[in-house]
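Accompanying notes for the structure given below.
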Amino acid sequence: MGVRCVAIRTCGRGKIDPGFRMAAAGVAVVALLSAALALYGPPLDAVLQRTFSLHKEPLEKDMESTLQLVRNIIPALSAEKHKGQHGRIGVVGGCQEYTGAPYFAAISALKVGADLSHVFCAREAAPVIKSYSPELIVHPVLDSPSAVEEVEKWLPRLHTLVVGPGLGRDGLLLDNVKGVLEASRARGVPVIIDADGLWLIAQQPALVQGYQKAILTPNHMEFSRLYEAVLRGPVDSSDPRGSVLKLSQALGNVTVVQKGAHDLITDGQQVLECSQEGSSRRCGGQGDLLSGALGVMVHWALLAGPDKANGSNPLLLAAMGACSLTRQCNHQAFQKHGRSTTTTDMIAEVGAAFSRLFET
């Protein structure tokens with residue numbers, strides 16, 4: 001690169017003209033930028049493009065804007081309302097081995113703001129789940145020959161179903177849950193599917209294919225199993241956003257919440273990322289808290305209507321709200337308990353976390 005000589009203009013007593021000084025500074029900046037572009041052109045150009053395109057899609061990029069929409073769908077507390085309006089949630093799951101998961105999901109739904117929380121579980125699990133809390137309505141029907149009919153008669157009274165916590169993989173239970181999912185879909189009841197409910201979906205994706213009131217909440221392993229079952233190939237680990245988008249699209253734009261370091265949420269059209277601070281502590285039950293919270297927020301989002309959602313997909317807003325709340329509970333509990341944090345500690349933080357995120 002050649003060297004350019006510039007004559008220096010002075011004004012009285014040998015001082016450099018201020019105007020010239022500014023012009024020279026401008027020339028220097030241009031020269032430096034030119035050199036940088038010449039040496040690092042493509043990468044620098046890519047950086048600039050990314051910098052100036054950060055806010056092209058506010059809903060996708062700006063988590064705070066999305067949380068404001070979540071606040072819009074949360075119903076105000078009022079003495080004029082009656083029991084049941086803020087949510088009647090059903091949890092389908094619970095067997096002899098797994099009683100904690102359905103309890104965590106159902107009690108979380110109550111803590112978030114549902115009025116009534118039902119658990120449809122196997123007979124042996126019912127006394128144990130009842131012993132955890134007198135506030136849950138427990139139905140010991142899931143392993144009976146008439147399980148589908150027993151759950152179906154409650155569907156007109158329920159706003160959402162959370163399917164899978166503590167379900168296990170017993171053939172009879174899975175067959176009954178298949179019937180419950182079919183009955184729920186026929187009635188248009190929103191369903192959140194987690195844990196071994198996702199194992200069932202991996203075996204029979206047609207149960208949710210094209211049902212846009214279904215939300216799947218897989219963790220890392222569950223996501224890989226679902227992806228391979230539906231798309232007949234391994235997950236592209238280099239493109240997590242693209243992978244979650246493809247799975248949703250392949251299922252007919254079913255909402256998918258992929259839990260991880262950052263939760264990825266998609267309806268097959270856009271991908272939201274929940275980056276709310278949590279903690280490095282991982283223990284069983286956190287996903288159950290998320291599914292219970294999501295059951296409530298889906299009802300609120302659908303009840304609020306399109307005006308309060310500002311045209312956004314209500315299920316995406318519900319998922320962002322539930323993911324943010326779960327992470328905030330995790331963060332607050334970890335601040336108090338550190339390595340010994342459990343899901344019980346997190347559930348104790350629901351009230352304060354909800355207030356911090358959505359009411360301040």
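So you can find residues: chains in the structure tokens are A, B, ... in the order shown, residues in each start at 1, and ligands are numbered from 1 in order.
For range 88-97 of chain A, the set of protein, DNA and RNA residues having any atom at most 6 Å away, when counting only C-alpha atoms and skipping those fewer than 5 positions along the same chain, is Pro102, Leu116, Ser117, His118, Val119, Phe120, Cys121, Ala122, Glu124, Ala125, Leu158, His159, Thr160, Leu161, Val162, Val163, Gly164, Pro165, Gly166 and Leu167 of chain A.
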Identify, with DSSP run on backbone atoms, the residues in range 62-180 of chain A assigned to alpha helix (DSSP H), and express the list as a VMD selection string.
-> chain A and resid 63 to 73 100 to 112 126 to 132 147 to 152 171 to 180
Residues near Gly188 in chain A, cut-off 9 Å, only C-alpha atoms, skip fewer than 4 positions along chain, as an NGL selection string = :A and (183-184 or 211 or 213)
Residues of range 100-209 of chain A at most 9 Å from range 278-300 of chain A: nearest atom pair and distance in Å, only C-alpha atoms, as CSV:
```
residue,atom,partner,partner_atom,distance
A:Gly100,CA,A:Gly285,CA,7.7
A:Ala101,CA,A:Asp288,CA,5.9
A:Pro102,CA,A:Asp288,CA,7.3
A:Tyr103,CA,A:Asp288,CA,8.5
A:Phe104,CA,A:Asp288,CA,5.7
A:Ala105,CA,A:Gly292,CA,4.2
A:Ala106,CA,A:Gly292,CA,5.8
A:Ile107,CA,A:Gly292,CA,7.6
A:Ser108,CA,A:Gly292,CA,5.4
A:Ala109,CA,A:Gly292,CA,4.6
A:Leu110,CA,A:Gly292,CA,8.3
A:Lys111,CA,A:Ala293,CA,8.4
A:Val112,CA,A:Ala293,CA,6.1
A:Gly113,CA,A:Val296,CA,7.2
A:Ala114,CA,A:Val296,CA,6.0
A:His159,CA,A:His299,CA,6.1
A:Thr160,CA,A:Gly295,CA,5.8
A:Leu161,CA,A:Gly295,CA,6.8
A:Val162,CA,A:Gly295,CA,6.3
A:Val163,CA,A:Ser291,CA,8.9
A:Pro165,CA,A:Asp288,CA,6.5
A:Pro190,CA,A:Val298,CA,7.7
A:Val191,CA,A:Gly295,CA,7.8
A:Ile192,CA,A:Gly295,CA,6.6
A:Ile193,CA,A:Ser291,CA,7.9
A:Asp194,CA,A:Ser291,CA,7.1
A:Ala195,CA,A:Gly287,CA,8.2
```
Looking only at strand (DSSP E) from DSSP on the backbone, list the matching residues of range 120-338 of chain A as a VMD selection string.
-> chain A and resid 120 to 121 137 to 140 160 to 163 191 to 193 214 to 216 255 to 258 263 to 266 271 to 274
Find the spatial neighbours of Gln209 in chain A, counting only C-alpha atoms, within a cut-off of 10 Å - ignore same-chain residues fewer than 2 positions away - and output them as a ChimeraX atom specification.
-> /A:201,204-207,211-212,214,248-254
Pull N, CA and C atoms from the residues just selected and write them as a compact mmCIF listing (two decimals), in the first residue's frame.
```txt
# COMPACT_ATOMS: atom_id res chain seq x y z
N ILE A 201 -44.65 -40.76 21.87
CA ILE A 201 -44.75 -40.00 20.62
C ILE A 201 -43.67 -40.44 19.64
N GLN A 204 -45.03 -43.40 18.06
CA GLN A 204 -46.25 -43.16 17.26
C GLN A 204 -46.45 -41.66 17.03
N PRO A 205 -45.63 -41.06 16.15
CA PRO A 205 -45.73 -39.62 15.91
C PRO A 205 -47.09 -39.17 15.41
N ALA A 206 -47.84 -40.08 14.80
CA ALA A 206 -49.16 -39.71 14.26
C ALA A 206 -50.10 -39.21 15.35
N LEU A 207 -49.82 -39.53 16.62
CA LEU A 207 -50.68 -39.08 17.71
C LEU A 207 -50.74 -37.56 17.80
N TYR A 211 -51.38 -31.62 14.98
CA TYR A 211 -52.23 -31.09 16.05
C TYR A 211 -51.56 -29.87 16.68
N GLN A 212 -51.98 -28.69 16.31
CA GLN A 212 -51.28 -27.47 16.71
C GLN A 212 -51.66 -26.96 18.09
N ALA A 214 -50.79 -29.07 20.50
CA ALA A 214 -49.86 -29.92 21.24
C ALA A 214 -48.53 -29.20 21.40
N SER A 248 -40.28 -29.52 14.26
CA SER A 248 -41.62 -28.95 14.34
C SER A 248 -42.32 -29.01 12.98
N GLN A 249 -41.62 -28.63 11.94
CA GLN A 249 -42.21 -28.64 10.60
C GLN A 249 -42.59 -30.05 10.17
N ALA A 250 -41.73 -31.02 10.48
CA ALA A 250 -42.00 -32.40 10.10
C ALA A 250 -43.22 -32.96 10.82
N LEU A 251 -43.54 -32.41 12.00
CA LEU A 251 -44.72 -32.85 12.75
C LEU A 251 -45.95 -32.01 12.43
N GLY A 252 -45.84 -31.15 11.43
CA GLY A 252 -46.99 -30.32 11.05
C GLY A 252 -47.13 -29.08 11.89
N ASN A 253 -45.99 -28.47 12.22
CA ASN A 253 -45.93 -27.22 12.98
C ASN A 253 -46.45 -27.35 14.41
N VAL A 254 -46.20 -28.50 14.99
CA VAL A 254 -46.44 -28.68 16.43
C VAL A 254 -45.39 -27.86 17.18
```
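Near Asn176 in chain A, within 8 Å and counting only C-alpha atoms, sit A:Leu142, A:Asp143, A:Ala147, A:Val148; same-chain residues fewer than 6 positions away were not included.
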Only N, CA and C atoms, please: the residues just picked out, written as an mmCIF file, in the first residue's frame.
```cif
data_model
loop_
_atom_site.group_PDB
_atom_site.id
_atom_site.type_symbol
_atom_site.label_atom_id
_atom_site.label_comp_id
_atom_site.auth_asym_id
_atom_site.auth_seq_id
_atom_site.Cartn_x
_atom_site.Cartn_y
_atom_site.Cartn_z
ATOM 1 N N LEU A 142 -55.578 -44.799 35.890
ATOM 2 C CA LEU A 142 -54.808 -44.891 34.645
ATOM 3 C C LEU A 142 -54.474 -46.324 34.241
ATOM 4 N N ASP A 143 -54.501 -47.253 35.186
ATOM 5 C CA ASP A 143 -54.208 -48.645 34.843
ATOM 6 C C ASP A 143 -55.459 -49.518 34.836
ATOM 7 N N ALA A 147 -59.799 -46.861 31.675
ATOM 8 C CA ALA A 147 -59.026 -45.643 31.928
ATOM 9 C C ALA A 147 -59.395 -44.511 30.973
ATOM 10 N N VAL A 148 -59.485 -44.816 29.671
ATOM 11 C CA VAL A 148 -59.763 -43.760 28.696
ATOM 12 C C VAL A 148 -61.117 -43.119 28.978
#
```
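Across the structure, CA of Pro127 in chain A and CA of Leu173 in chain A are spaced 17.9 Å apart.
Our summary of the geometry notes that CA of Asn310 in chain A is positioned 19.6 Å from CA of Ser324 in chain A.
Neighbours of range 62-79 of chain A closer than or equal to 7 Å, with only C-alpha atoms counted and sequence neighbours fewer than 6 positions away skipped, come out as Trp300, Ala301, Ala304, Lys308, Ala309, Leu317, Ala318, Gly321 and Phe358 of chain A.
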How would the residues just chosen look if you wrote them out with C-alpha atoms as a PDB file, in the first residue's frame?
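That gives us result.pdb:
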```pdb
ATOM      1  CA  TRP A 300     -54.132 -18.087  29.867  1.00  0.00           C
ATOM      2  CA  ALA A 301     -52.641 -17.395  26.450  1.00  0.00           C
ATOM      3  CA  ALA A 304     -56.428 -13.783  26.369  1.00  0.00           C
ATOM      4  CA  LYS A 308     -53.271  -9.159  23.938  1.00  0.00           C
ATOM      5  CA  ALA A 309     -50.853 -11.455  22.129  1.00  0.00           C
ATOM      6  CA  LEU A 317     -45.761 -16.877  24.466  1.00  0.00           C
ATOM      7  CA  ALA A 318     -46.922 -19.483  26.981  1.00  0.00           C
ATOM      8  CA  GLY A 321     -43.298 -17.552  30.053  1.00  0.00           C
ATOM      9  CA  PHE A 358     -44.290 -10.655  35.476  1.00  0.00           C
TER      10      PHE A 358
END
```
Excluding same-chain residues fewer than 6 positions from Leu226 in chain A, what lies within 8 Å of it counting only C-alpha atoms, as a count of residues only?
-> 4
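CA of Arg187 in chain A to CA of Val151 in chain A spans 12.5 Å [interatomic distance, one decimal].
With only C-alpha atoms as the atoms that count, the residue of A:Ala348, A:Val208, A:Val138, A:Leu155 with the shortest distance to Val189 in chain A is A:Leu155.
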